$ cat target_23.txt   # compact mmCIF, C-alpha atoms and all ligand atoms
# COMPACT_ATOMS: atom_id res chain seq x y z
CA MET Q 23 75.41 -35.03 26.04
CA SER Q 24 73.09 -37.71 24.69
CA ARG Q 25 72.12 -37.91 21.07
CA VAL Q 26 68.77 -36.18 20.36
CA ASP Q 27 66.40 -38.32 18.28
CA VAL Q 28 63.61 -35.76 18.13
CA ASP Q 29 62.94 -32.23 19.25
CA VAL Q 30 59.63 -33.09 20.87
CA ALA Q 31 58.35 -36.37 22.34
CA ILE Q 32 54.60 -36.60 22.87
CA VAL Q 33 53.24 -39.15 25.34
CA GLY Q 34 49.69 -40.23 24.48
CA GLY Q 35 48.03 -40.74 21.11
CA GLY Q 36 44.62 -39.29 22.04
CA ILE Q 37 43.41 -36.05 20.51
CA ILE Q 38 45.40 -33.88 22.92
CA GLY Q 39 48.65 -35.70 22.12
CA LEU Q 40 47.94 -35.65 18.38
CA ALA Q 41 47.04 -31.94 18.49
CA HIS Q 42 50.34 -31.17 20.21
CA ALA Q 43 52.21 -33.33 17.70
CA LEU Q 44 50.60 -31.38 14.87
CA ALA Q 45 51.34 -28.00 16.43
CA ALA Q 46 54.99 -28.92 17.03
CA ALA Q 47 55.44 -30.41 13.55
CA ARG Q 48 53.91 -27.30 11.97
CA ARG Q 49 56.65 -25.31 13.68
CA GLY Q 50 59.21 -27.39 11.80
CA LEU Q 51 60.20 -29.48 14.84
CA SER Q 52 60.87 -33.20 14.64
CA VAL Q 53 58.25 -35.10 16.63
CA ALA Q 54 57.63 -38.62 17.95
CA VAL Q 55 54.34 -39.77 19.50
CA PHE Q 56 54.29 -42.66 22.00
CA GLU Q 57 50.95 -44.41 22.51
CA ARG Q 58 50.85 -47.39 24.84
CA GLY Q 59 47.93 -49.09 23.03
CA PRO Q 60 48.14 -50.76 19.61
CA ARG Q 61 45.88 -47.83 18.75
CA SER Q 62 44.36 -45.03 20.73
CA THR Q 63 41.20 -46.18 22.53
CA GLY Q 64 40.77 -43.56 25.25
CA ALA Q 65 38.23 -40.76 25.58
CA SER Q 66 39.14 -39.41 22.15
CA LEU Q 67 37.70 -42.46 20.42
CA ARG Q 68 34.62 -42.65 22.62
CA ASN Q 69 33.09 -39.22 22.29
CA PHE Q 70 30.34 -37.57 20.22
CA GLY Q 71 32.80 -35.96 17.86
CA THR Q 72 31.33 -32.53 18.34
CA ILE Q 73 33.42 -29.38 18.16
CA TRP Q 74 31.20 -27.39 20.51
CA PRO Q 75 32.18 -23.73 21.05
CA ILE Q 76 28.71 -22.92 22.40
CA GLY Q 77 29.56 -24.86 25.57
CA GLN Q 78 32.53 -22.69 26.47
CA PRO Q 79 32.15 -19.75 28.85
CA PRO Q 80 32.53 -16.27 27.35
CA GLY Q 81 35.98 -14.71 27.25
CA GLU Q 82 39.24 -16.60 27.05
CA MET Q 83 37.76 -20.10 26.77
CA LEU Q 84 35.25 -19.16 24.07
CA GLN Q 85 38.03 -17.45 22.10
CA LEU Q 86 40.18 -20.58 22.45
CA ALA Q 87 37.31 -22.76 21.23
CA LEU Q 88 36.68 -20.51 18.22
CA ARG Q 89 40.36 -20.52 17.31
CA SER Q 90 40.39 -24.30 17.72
CA ARG Q 91 37.36 -24.65 15.46
CA GLN Q 92 39.16 -22.68 12.75
CA LEU Q 93 42.20 -24.97 13.11
CA TRP Q 94 39.93 -28.05 12.97
CA ILE Q 95 38.43 -26.95 9.65
CA GLU Q 96 41.89 -26.30 8.15
CA LEU Q 97 43.14 -29.66 9.42
CA LEU Q 98 40.12 -31.72 8.34
CA GLU Q 99 40.26 -30.24 4.86
CA SER Q 100 43.99 -30.63 4.52
CA ALA Q 101 43.90 -34.23 5.83
CA ALA Q 102 40.75 -35.12 3.84
CA ILE Q 103 38.96 -36.26 6.99
CA GLY Q 104 35.18 -35.86 6.72
CA TYR Q 105 33.15 -33.45 8.85
CA HIS Q 106 29.74 -31.84 8.91
CA SER Q 107 29.01 -28.20 9.72
CA THR Q 108 25.90 -29.29 11.55
CA GLY Q 109 25.46 -26.44 14.02
CA SER Q 110 23.53 -27.14 17.21
CA LEU Q 111 19.94 -26.78 18.29
CA HIS Q 112 18.89 -26.66 21.95
CA VAL Q 113 15.17 -27.37 21.79
CA ALA Q 114 12.80 -25.87 24.40
CA TYR Q 115 9.52 -27.39 25.59
CA ARG Q 116 9.11 -25.79 29.01
CA SER Q 117 8.77 -22.13 29.92
CA ASP Q 118 12.00 -22.16 31.96
CA GLU Q 119 13.88 -23.62 28.96
CA VAL Q 120 12.44 -20.87 26.76
CA GLU Q 121 13.57 -18.25 29.29
CA VAL Q 122 17.18 -19.51 29.32
CA ALA Q 123 17.34 -19.91 25.53
CA ARG Q 124 15.94 -16.42 24.93
CA GLU Q 125 18.11 -14.77 27.57
CA PHE Q 126 21.21 -16.44 26.16
CA ALA Q 127 20.29 -15.50 22.58
CA GLU Q 128 19.79 -11.89 23.67
CA ARG Q 129 23.16 -11.65 25.39
CA ALA Q 130 25.00 -13.77 22.82
CA PRO Q 131 26.21 -11.08 20.41
CA ASP Q 132 27.85 -9.02 23.17
CA LEU Q 133 29.48 -12.13 24.62
CA GLY Q 134 30.88 -13.31 21.28
CA TYR Q 135 28.47 -16.18 20.48
CA ASP Q 136 26.77 -16.51 17.14
CA CYS Q 137 23.32 -17.85 17.97
CA VAL Q 138 19.64 -16.88 17.78
CA TRP Q 139 16.28 -17.84 19.23
CA LEU Q 140 13.99 -19.62 16.74
CA ASP Q 141 10.25 -20.11 17.16
CA ALA Q 142 8.74 -23.59 16.85
CA ASP Q 143 8.10 -23.36 13.10
CA ALA Q 144 11.64 -22.20 12.43
CA VAL Q 145 13.02 -25.06 14.58
CA ALA Q 146 10.91 -27.54 12.64
CA GLU Q 147 12.32 -26.14 9.40
CA ARG Q 148 15.89 -26.67 10.63
CA SER Q 149 15.32 -30.09 12.16
CA ALA Q 150 12.86 -32.73 11.05
CA ALA Q 151 14.00 -34.74 14.08
CA ALA Q 152 12.90 -32.28 16.78
CA VAL Q 153 9.66 -33.55 18.37
CA ARG Q 154 6.94 -31.09 17.29
CA ARG Q 155 4.42 -31.75 20.08
CA GLY Q 156 4.81 -29.10 22.78
CA LEU Q 157 7.79 -27.49 21.03
CA CYS Q 158 8.11 -23.80 21.98
CA GLY Q 159 11.27 -22.98 20.00
CA GLY Q 160 15.00 -23.38 20.31
CA LEU Q 161 18.45 -21.87 20.45
CA TRP Q 162 20.14 -22.23 17.06
CA SER Q 163 23.90 -21.91 16.74
CA PRO Q 164 25.52 -22.50 13.35
CA GLY Q 165 29.09 -22.91 14.66
CA GLU Q 166 29.26 -26.48 15.90
CA LEU Q 167 30.99 -29.17 13.80
CA THR Q 168 30.61 -32.94 13.86
CA VAL Q 169 33.43 -35.35 13.09
CA ASP Q 170 33.57 -39.11 13.50
CA PRO Q 171 36.16 -39.75 16.24
CA ARG Q 172 36.95 -43.13 14.68
CA GLU Q 173 37.92 -41.43 11.44
CA VAL Q 174 39.91 -38.71 13.20
CA LEU Q 175 41.90 -41.20 15.26
CA SER Q 176 42.82 -43.25 12.22
CA GLY Q 177 43.23 -40.39 9.74
CA LEU Q 178 45.15 -37.91 11.87
CA PRO Q 179 48.09 -40.19 12.80
CA ARG Q 180 48.36 -41.15 9.12
CA TYR Q 181 48.38 -37.46 8.13
CA LEU Q 182 51.01 -36.66 10.77
CA VAL Q 183 53.28 -39.36 9.40
CA GLU Q 184 52.74 -38.64 5.70
CA ARG Q 185 52.54 -34.85 5.73
CA HIS Q 186 54.78 -33.94 8.65
CA GLY Q 187 57.13 -36.90 9.07
CA VAL Q 188 56.00 -37.51 12.66
CA ALA Q 189 57.15 -40.86 14.07
CA MET Q 190 54.16 -42.71 15.57
CA HIS Q 191 55.10 -45.42 18.09
CA PHE Q 192 52.07 -47.53 18.98
CA GLY Q 193 52.20 -50.26 21.61
CA CYS Q 194 54.86 -48.20 23.32
CA ALA Q 195 54.18 -47.14 26.92
CA VAL Q 196 56.47 -44.45 28.29
CA THR Q 197 57.60 -45.58 31.72
CA SER Q 198 59.93 -42.73 32.66
CA ILE Q 199 61.14 -39.36 31.43
CA GLU Q 200 64.54 -38.01 32.48
CA LEU Q 201 65.32 -35.70 29.61
CA PRO Q 202 66.83 -36.18 27.20
CA ILE Q 203 66.04 -39.84 27.93
CA ILE Q 204 62.57 -41.27 27.37
CA ARG Q 205 62.17 -44.90 28.47
CA THR Q 206 59.53 -47.15 26.95
CA GLY Q 207 59.72 -50.61 28.41
CA GLY Q 208 62.59 -52.14 26.50
CA SER Q 209 63.73 -49.10 24.49
CA THR Q 210 65.27 -45.71 25.04
CA PHE Q 211 64.64 -42.59 22.99
CA HIS Q 212 66.01 -39.08 23.22
CA ALA Q 213 64.15 -35.79 23.04
CA ASP Q 214 64.74 -32.14 23.87
CA THR Q 215 61.21 -31.53 25.16
CA ALA Q 216 58.43 -33.88 26.30
CA ILE Q 217 54.71 -33.13 26.31
CA VAL Q 218 52.69 -35.63 28.33
CA CYS Q 219 49.06 -35.98 27.22
CA SER Q 220 48.22 -39.14 29.12
CA GLY Q 221 44.49 -38.54 29.48
CA ASP Q 222 43.20 -40.09 32.69
CA ASP Q 223 46.36 -42.06 33.46
CA PHE Q 224 47.62 -40.23 36.55
CA GLU Q 225 49.61 -43.14 37.93
CA THR Q 226 52.35 -44.00 35.42
CA LEU Q 227 54.18 -40.68 35.03
CA TYR Q 228 54.42 -38.00 37.73
CA PRO Q 229 51.83 -39.55 40.09
CA GLY Q 230 52.72 -37.20 42.97
CA ALA Q 231 52.42 -34.10 40.79
CA PHE Q 232 49.09 -35.32 39.41
CA GLN Q 233 47.76 -35.91 42.90
CA SER Q 234 48.54 -32.38 44.00
CA THR Q 235 46.60 -30.89 41.04
CA GLY Q 236 43.27 -32.26 42.32
CA VAL Q 237 42.38 -33.66 38.87
CA THR Q 238 39.90 -36.55 38.90
CA ARG Q 239 38.01 -38.85 36.50
CA CYS Q 240 34.55 -38.83 35.00
CA LYS Q 241 32.80 -41.86 33.50
CA LEU Q 242 30.20 -41.31 30.74
CA GLN Q 243 27.81 -43.88 29.24
CA MET Q 244 27.08 -43.71 25.53
CA MET Q 245 25.06 -45.51 22.84
CA ARG Q 246 25.00 -45.62 19.05
CA THR Q 247 22.11 -46.72 16.85
CA VAL Q 248 22.26 -48.74 13.69
CA PRO Q 249 22.70 -46.57 10.56
CA GLN Q 250 19.49 -44.69 9.85
CA PRO Q 251 17.67 -45.39 6.57
CA SER Q 252 19.53 -43.94 3.63
CA GLY Q 253 18.78 -40.26 3.09
CA TRP Q 254 17.63 -39.73 6.70
CA ARG Q 255 19.79 -37.01 8.19
CA LEU Q 256 19.55 -35.58 11.69
CA GLY Q 257 20.73 -32.13 10.68
CA PRO Q 258 21.89 -30.03 13.65
CA VAL Q 259 23.16 -31.80 16.75
CA LEU Q 260 20.20 -31.78 19.14
CA ALA Q 261 20.34 -30.86 22.81
CA SER Q 262 17.56 -30.11 25.28
CA GLY Q 263 16.96 -28.01 28.39
CA LEU Q 264 19.09 -30.43 30.42
CA THR Q 265 22.14 -29.23 28.54
CA PHE Q 266 21.62 -25.66 29.74
CA GLN Q 267 22.55 -26.76 33.24
CA HIS Q 268 25.61 -28.69 32.02
CA TYR Q 269 27.78 -26.23 30.09
CA ALA Q 270 29.45 -23.26 31.76
CA SER Q 271 28.40 -20.91 28.93
CA PHE Q 272 24.80 -20.77 30.14
CA ARG Q 273 25.75 -19.72 33.65
CA VAL Q 274 25.58 -16.11 32.46
CA CYS Q 275 21.76 -16.50 32.40
CA ASP Q 276 19.86 -15.29 35.49
CA SER Q 277 16.97 -17.51 34.39
CA LEU Q 278 19.07 -20.67 34.75
CA GLU Q 279 18.32 -21.03 38.46
CA THR Q 280 14.59 -21.63 37.90
CA LEU Q 281 15.34 -24.32 35.33
CA ARG Q 282 17.84 -25.97 37.69
CA ARG Q 283 15.33 -26.02 40.55
CA ARG Q 284 12.60 -27.52 38.40
CA ILE Q 285 14.87 -30.29 37.05
CA ALA Q 286 16.10 -31.09 40.57
CA GLU Q 287 12.52 -31.39 41.84
CA GLU Q 288 10.97 -33.17 38.84
CA THR Q 289 13.74 -35.53 37.75
CA PRO Q 290 16.34 -35.97 40.50
CA GLU Q 291 17.28 -39.32 38.93
CA LEU Q 292 18.73 -37.45 35.94
CA ASN Q 293 20.85 -35.24 38.19
CA ARG Q 294 21.93 -38.25 40.23
CA TRP Q 295 23.78 -39.63 37.21
CA GLY Q 296 24.70 -36.22 35.75
CA ILE Q 297 22.61 -36.86 32.66
CA HIS Q 298 22.22 -34.34 29.89
CA VAL Q 299 21.42 -35.57 26.43
CA LEU Q 300 23.08 -34.80 23.10
CA ILE Q 301 22.17 -36.48 19.83
CA SER Q 302 24.58 -36.37 16.90
CA GLN Q 303 24.93 -38.32 13.66
CA THR Q 304 27.97 -39.91 12.07
CA ALA Q 305 28.71 -39.74 8.36
CA ALA Q 306 27.70 -43.43 8.17
CA GLY Q 307 24.24 -42.48 9.41
CA GLU Q 308 24.40 -43.86 12.97
CA ILE Q 309 23.01 -41.72 15.76
CA THR Q 310 25.24 -41.20 18.81
CA ILE Q 311 23.30 -40.68 22.04
CA GLY Q 312 24.61 -39.81 25.50
CA ASP Q 313 25.54 -39.11 28.20
CA SER Q 314 25.91 -39.44 31.96
CA HIS Q 315 28.60 -38.11 34.33
CA GLU Q 316 29.92 -40.09 37.30
CA TYR Q 317 32.85 -38.31 38.96
CA GLY Q 318 35.58 -39.87 41.07
CA SER Q 319 38.99 -41.45 40.73
CA GLU Q 320 37.56 -44.98 40.94
CA VAL Q 321 35.63 -45.86 37.79
CA ASP Q 322 32.85 -48.48 37.92
CA ILE Q 323 33.74 -50.93 35.16
CA PHE Q 324 30.11 -52.07 34.90
CA ASP Q 325 27.64 -49.96 32.98
CA LYS Q 326 24.19 -49.28 34.39
CA ARG Q 327 21.09 -50.26 32.48
CA GLU Q 328 19.18 -47.62 34.47
CA VAL Q 329 21.43 -44.88 33.11
CA ASP Q 330 21.00 -46.00 29.49
CA ASP Q 331 17.22 -46.16 30.01
CA LEU Q 332 17.12 -42.64 31.46
CA ILE Q 333 19.22 -41.28 28.59
CA THR Q 334 17.00 -43.04 26.02
CA ARG Q 335 13.79 -41.80 27.63
CA SER Q 336 15.07 -38.26 27.72
CA ALA Q 337 16.30 -38.46 24.10
CA GLN Q 338 12.93 -39.77 22.93
CA SER Q 339 11.15 -36.87 24.63
CA PHE Q 340 12.65 -34.38 22.16
CA ALA Q 341 13.99 -36.34 19.15
CA ASN Q 342 12.24 -38.40 16.51
CA ILE Q 343 14.76 -40.84 15.10
CA ALA Q 344 13.80 -43.16 12.25
CA ASP Q 345 15.36 -46.23 13.94
CA TRP Q 346 16.16 -46.34 17.65
CA SER Q 347 17.75 -49.82 17.52
CA ILE Q 348 20.95 -49.64 19.53
CA ALA Q 349 23.96 -51.26 17.87
CA GLN Q 350 26.70 -50.29 20.35
CA ARG Q 351 26.99 -49.31 24.01
CA TRP Q 352 30.17 -48.18 25.73
CA HIS Q 353 31.53 -45.86 28.32
CA GLY Q 354 34.36 -43.36 28.19
CA VAL Q 355 36.46 -41.84 30.93
CA TYR Q 356 38.06 -38.43 30.86
CA ALA Q 357 40.26 -36.44 33.19
CA LYS Q 358 38.61 -33.41 34.72
CA HIS Q 359 39.55 -30.77 37.22
CA PRO Q 360 36.73 -29.66 39.55
CA ASP Q 361 37.34 -25.94 38.89
CA LYS Q 362 39.79 -25.48 36.02
CA PRO Q 363 39.05 -25.92 32.30
CA PHE Q 364 42.23 -28.00 31.90
CA VAL Q 365 45.39 -28.99 33.74
CA SER Q 366 48.79 -27.89 32.44
CA PHE Q 367 51.96 -28.03 34.53
CA SER Q 368 55.69 -28.62 34.22
CA PRO Q 369 56.88 -31.31 36.64
CA THR Q 370 60.49 -30.76 35.53
CA GLU Q 371 62.27 -28.52 33.08
CA ARG Q 372 61.23 -28.99 29.43
CA VAL Q 373 58.44 -31.38 30.37
CA ARG Q 374 54.85 -30.19 30.12
CA VAL Q 375 51.79 -32.20 31.16
CA VAL Q 376 48.50 -31.28 29.45
CA THR Q 377 45.25 -33.06 30.31
CA GLY Q 378 41.97 -32.65 32.20
CA LEU Q 379 39.93 -31.01 29.44
CA GLY Q 380 36.80 -32.80 30.60
CA GLY Q 381 34.01 -32.82 28.04
CA ALA Q 382 35.70 -30.24 25.83
CA GLY Q 383 38.86 -32.02 24.71
CA MET Q 384 37.85 -32.38 21.08
CA THR Q 385 36.66 -28.77 20.99
CA LEU Q 386 39.73 -27.19 22.57
CA SER Q 387 42.52 -29.56 21.52
CA LEU Q 388 43.98 -27.76 18.50
CA GLY Q 389 43.75 -24.28 20.01
CA LEU Q 390 45.22 -25.41 23.30
CA ALA Q 391 48.13 -27.14 21.56
CA GLU Q 392 48.93 -23.89 19.79
CA SER Q 393 49.03 -22.01 23.09
CA THR Q 394 51.21 -24.70 24.69
CA MET Q 395 53.74 -24.15 21.89
CA ARG Q 396 53.71 -20.42 22.60
CA GLU Q 397 54.15 -20.96 26.35
CA LEU Q 398 57.06 -23.34 25.77
CA ALA Q 399 58.53 -20.95 23.20
CA LEU Q 400 58.75 -23.76 20.67
C1 LIG Q 501 31.66 -40.12 26.15
C2 LIG Q 501 32.41 -38.87 25.87
C3 LIG Q 501 31.87 -37.88 25.06
C4 LIG Q 501 32.60 -36.72 24.80
N1 LIG Q 501 32.13 -35.84 23.87
C5 LIG Q 501 32.90 -34.78 23.52
C6 LIG Q 501 32.50 -33.92 22.48
O1 LIG Q 501 31.50 -34.14 21.79
N2 LIG Q 501 33.24 -32.80 22.23
C7 LIG Q 501 34.37 -32.53 22.93
O2 LIG Q 501 34.99 -31.50 22.70
N3 LIG Q 501 34.85 -33.40 23.85
C8 LIG Q 501 34.14 -34.51 24.16
N4 LIG Q 501 34.57 -35.38 25.11
C9 LIG Q 501 35.85 -35.10 25.77
C10 LIG Q 501 37.04 -35.55 24.95
O3 LIG Q 501 36.79 -36.79 24.36
C11 LIG Q 501 38.27 -35.62 25.88
O4 LIG Q 501 38.45 -34.40 26.56
C12 LIG Q 501 39.53 -35.89 25.06
O5 LIG Q 501 39.32 -37.00 24.22
C13 LIG Q 501 40.72 -36.14 25.95
O6 LIG Q 501 41.81 -36.45 25.11
P1 LIG Q 501 43.17 -36.97 25.69
O7 LIG Q 501 44.09 -37.09 24.55
O8 LIG Q 501 43.56 -36.11 26.87
O9 LIG Q 501 42.82 -38.38 26.36
P2 LIG Q 501 42.69 -39.82 25.71
O10 LIG Q 501 41.91 -39.81 24.45
O11 LIG Q 501 42.18 -40.69 26.80
O12 LIG Q 501 44.16 -40.20 25.31
C14 LIG Q 501 45.18 -40.39 26.24
C15 LIG Q 501 46.10 -41.44 25.63
O13 LIG Q 501 47.31 -41.49 26.36
C16 LIG Q 501 47.76 -42.83 26.35
N5 LIG Q 501 48.73 -42.96 27.45
C17 LIG Q 501 48.52 -42.70 28.77
N6 LIG Q 501 49.66 -42.89 29.47
C18 LIG Q 501 50.60 -43.27 28.57
C19 LIG Q 501 52.00 -43.61 28.69
N7 LIG Q 501 52.62 -43.57 29.86
N8 LIG Q 501 52.67 -43.98 27.58
C20 LIG Q 501 52.04 -44.00 26.35
N9 LIG Q 501 50.72 -43.71 26.20
C21 LIG Q 501 50.03 -43.33 27.29
C22 LIG Q 501 46.49 -43.64 26.54
O14 LIG Q 501 46.65 -44.97 26.10
C23 LIG Q 501 45.50 -42.84 25.69
O15 LIG Q 501 45.39 -43.36 24.37
C24 LIG Q 501 33.87 -36.54 25.39
C25 LIG Q 501 34.42 -37.53 26.20
C26 LIG Q 501 33.70 -38.69 26.43
C27 LIG Q 501 34.34 -39.77 27.28
$ encode --input "target_23.txt" --output "structure tokens"
Amino acid sequence: MSRVDVDVAIVGGGIIGLAHALAAARRGLSVAVFERGPRSTGASLRNFGTIWPIGQPPGEMLQLALRSRQLWIELLESAAIGYHSTGSLHVAYRSDEVEVAREFAERAPDLGYDCVWLDADAVAERSAAAVRRGLCGGLWSPGELTVDPREVLSGLPRYLVERHGVAMHFGCAVTSIELPIIRTGGSTFHADTAIVCSGDDFETLYPGAFQSTGVTRCKLQMMRTVPQPSGWRLGPVLASGLTFQHYASFRVCDSLETLRRRIAEETPELNRWGIHVLISQTAAGEITIGDSHEYGSEVDIFDKREVDDLITRSAQSFANIADWSIAQRWHGVYAKHPDKPFVSFSPTERVRVVTGLGGAGMTLSLGLAESTMRELAL
């Protein structure tokens, strides 16, 4: 029998890998994380940094998101990583947007959401950034959090090392797993259990198994402004009617169909690129604006000016930002299953693959890691 270096090896230093490392370490297990990059630069670094329970469908997924949110708060406070309890505001300018927002607010308490309909004056009180002209009201939810993914991806590995003794191996691509042996290019490690959180890399480990899951990729274009003038704060993360047709939570609304039809007729170019617009603010004052959704295993490496322009135009229709000057543009790619909220399978004994959380990986990560531990009886 080979020597065991750690109880649990985690492949991938994105938020899903780090969440699983944390969950395993909290159970008193020895843990090593292997990240192929000199640092983690995948989807987890490229997102809005919103913990967004309101996007999850009622039932099991909403409960997982709420549990995850609780774990995020405990973690961020314990690791001294900054966050803002911003909440979220879906602003409504059209009658079909009002219908969806009001219907959702009405059904929310029974479904387990904490949100209310606000009239235009109440929205304006909550958000100085919401465009006042034509504003009918909005759906206010206090539960959403905003973190800066750059701070999380530097602070969390540090916390795992210092607080939990996790071994972080950066620049270390795992090329094969035959437990207890983990091969990383030139080196060999030993582990009892491996959890593979390789994001949208479906080719390096278990390519056949990945293929049979039906998981695919999604490319999203994003922008970030210069820091806003000091003292200017966005307040709640802003979303608009477009977002109602994006998140599964709002599918409970009968009124959604009318909104969908109108958007498809009026602005097919937005649907063509899967655009819905969120606006959040980092602690440093920059505004993060996105995004688009292009699905398919082959990712276009070139970003489209047209997509950025459509996102900007849509953002400017409902948000007043002090300074719209764009400082950074990028795209991110995440793994996504067409029907399932995530992909979790065991290609061999004591190996678990967890990925495919789509646009909810930050939101669900910590809760999902906890349930993986339970499933693996760790
Ligand atoms: C633009 C954008 C905005 C988003 N906004 C939000 C949001 O506001 N809220 C939210 O909840 N979610 C959001 N998401 C989704 C979220 O970011 C993802 O679901 C999540 O980051 C996925 O995490 P991950 O760890 O699976 O993948 P990644 O962050 O991509 O990490 C996977 C890591 O595995 C490493 N790796 C792969 N193979 C190997 C190997 N063989 N050996 C070693 N290392 C390996 C890679 O280098 C990579 O660092 C957004 C995503 C994008 C792209």
$ residues_near_ligand --input "target_23.txt" --ligand "ligand LIG 501 (chain Q)" --cutoff "7 Å" --atoms "only C-alpha atoms and all ligand atoms" --output "PyMOL selection string"
chain Q and resi 33-39+56-59+62-74+194-197+219-223+226-227+241-244+313+353-356+377-386
$ residues_around --input "target_23.txt" --residues "Glu166 in chain Q" --least-positions-apart "2" --cutoff "7 Å" --atoms "all atoms listed in the file" --output "tab-separated table (two decimals) with C-alpha atoms, in the coordinates of the input"
chain	number	residue	atom	x	y	z
Q	72	THR	CA	31.33	-32.53	18.34
Q	73	ILE	CA	33.42	-29.38	18.16
Q	74	TRP	CA	31.20	-27.39	20.51
Q	75	PRO	CA	32.18	-23.73	21.05
Q	107	SER	CA	29.01	-28.20	9.72
Q	108	THR	CA	25.90	-29.29	11.55
Q	109	GLY	CA	25.46	-26.44	14.02
Q	110	SER	CA	23.53	-27.14	17.21
Q	164	PRO	CA	25.52	-22.50	13.35
Q	168	THR	CA	30.61	-32.94	13.86
$ closest_atom_pairs --input "target_23.txt" --of "range 229-279 of chain Q" --to "range 358-370 of chain Q" --cutoff "8 Å" --atoms "all atoms listed in the file" --output "Markdown table"
| residue | atom | partner | partner_atom | distance |
| --- | --- | --- | --- | --- |
| Q:Ala231 | CA | Q:Pro369 | CA | 6.7 |
| Q:Thr235 | CA | Q:Val365 | CA | 7.6 |
| Q:Gly236 | CA | Q:His359 | CA | 6.5 |
| Q:Val237 | CA | Q:His359 | CA | 4.4 |
| Q:Thr238 | CA | Q:Lys358 | CA | 5.4 |
| Q:Arg239 | CA | Q:Lys358 | CA | 5.8 |
| Q:Cys240 | CA | Q:Lys358 | CA | 6.8 |
$ closest_residue --input "target_23.txt" --among "Q:Val145, Q:Ala305, Q:Val248, Q:Val122" --to "Ile103 in chain Q" --atoms "all atoms listed in the file"
Q:Ala305
$ residues_around --input "target_23.txt" --residues "Glu371 in chain Q" --least-positions-apart "4" --cutoff "12 Å" --atoms "only C-alpha atoms" --output "short mmCIF file (atom, residue, chain, number, x, y, z; two decimals) with C-alpha atoms, in the coordinates of the input"
data_model
loop_
_atom_site.label_atom_id
_atom_site.label_comp_id
_atom_site.auth_asym_id
_atom_site.auth_seq_id
_atom_site.Cartn_x
_atom_site.Cartn_y
_atom_site.Cartn_z
CA ILE Q 199 61.14 -39.36 31.43
CA GLU Q 200 64.54 -38.01 32.48
CA LEU Q 201 65.32 -35.70 29.61
CA PRO Q 202 66.83 -36.18 27.20
CA ASP Q 214 64.74 -32.14 23.87
CA THR Q 215 61.21 -31.53 25.16
CA ALA Q 216 58.43 -33.88 26.30
CA ILE Q 217 54.71 -33.13 26.31
CA PHE Q 367 51.96 -28.03 34.53
CA VAL Q 375 51.79 -32.20 31.16
CA LEU Q 398 57.06 -23.34 25.77
#
$ residues_near_point --input "target_23.txt" --point "(25.6, -45.6, 21.6)" --cutoff "8 Å" --atoms "all atoms listed in the file" --output "PDB file with C-alpha atoms, in the frame of the given file"
ATOM      1  CA  MET Q 244      27.080 -43.710  25.530  1.00  0.00           C
ATOM      2  CA  MET Q 245      25.060 -45.510  22.840  1.00  0.00           C
ATOM      3  CA  ARG Q 246      25.000 -45.620  19.050  1.00  0.00           C
ATOM      4  CA  THR Q 247      22.110 -46.720  16.850  1.00  0.00           C
ATOM      5  CA  ILE Q 309      23.010 -41.720  15.760  1.00  0.00           C
ATOM      6  CA  THR Q 310      25.240 -41.200  18.810  1.00  0.00           C
ATOM      7  CA  ILE Q 311      23.300 -40.680  22.040  1.00  0.00           C
ATOM      8  CA  GLY Q 312      24.610 -39.810  25.500  1.00  0.00           C
ATOM      9  CA  ILE Q 348      20.950 -49.640  19.530  1.00  0.00           C
ATOM     10  CA  ALA Q 349      23.960 -51.260  17.870  1.00  0.00           C
ATOM     11  CA  GLN Q 350      26.700 -50.290  20.350  1.00  0.00           C
ATOM     12  CA  ARG Q 351      26.990 -49.310  24.010  1.00  0.00           C
ATOM     13  CA  TRP Q 352      30.170 -48.180  25.730  1.00  0.00           C
TER      14      TRP Q 352
END
$ closest_residue --input "target_23.txt" --among "Q:Ala261, Q:Ala146, Q:Ala152, Q:Leu98" --to "Gly77 in chain Q" --atoms "all atoms listed in the file"
Q:Ala261
$ closest_residue --input "target_23.txt" --among "Q:Ala213, Q:Leu133, Q:Ala101, Q:Ala357" --to "Gly177 in chain Q" --atoms "all atoms listed in the file"
Q:Ala101
$ residues_near_point --input "target_23.txt" --point "(15.2, -17.2, 28.0)" --cutoff "10 Å" --atoms "all atoms listed in the file" --output "ChimeraX atom specification"
/Q:114,117-128,139,160-161,275-278
$ closest_residue --input "target_23.txt" --among "Q:Arg48, Q:Leu88, Q:Tyr105, Q:Arg61" --to "Asp170 in chain Q" --atoms "only C-alpha atoms"
Q:Tyr105
$ atom_distance --input "target_23.txt" --atom1 "CA of Val28 in chain Q" --atom2 "CA of Met395 in chain Q"
15.7 Å
$ atom_distance --input "target_23.txt" --atom1 "CA of His186 in chain Q" --atom2 "CA of Leu51 in chain Q"
9.4 Å
$ axis_aligned_box --input "target_23.txt" --around "range 245-262 of chain Q" --padding-each-side "4 Å" --output "AutoDock Vina command-line options"
--center_x 21.3 --center_y -39.4 --center_z 14.2 --size_x 15.5 --size_y 26.7 --size_z 30.2
$ atom_distance --input "target_23.txt" --atom1 "CA of Leu44 in chain Q" --atom2 "CA of Asp27 in chain Q"
17.6 Å
$ closest_residue --input "target_23.txt" --among "Q:Ser347, Q:Ser387, Q:Gln303, Q:Ser90" --to "His106 in chain Q" --atoms "only C-alpha atoms"
Q:Gln303
$ closest_residue --input "target_23.txt" --among "Q:Glu225, Q:Asp136, Q:Glu147, Q:Asp141" --to "Pro258 in chain Q" --atoms "all atoms listed in the file"
Q:Glu147
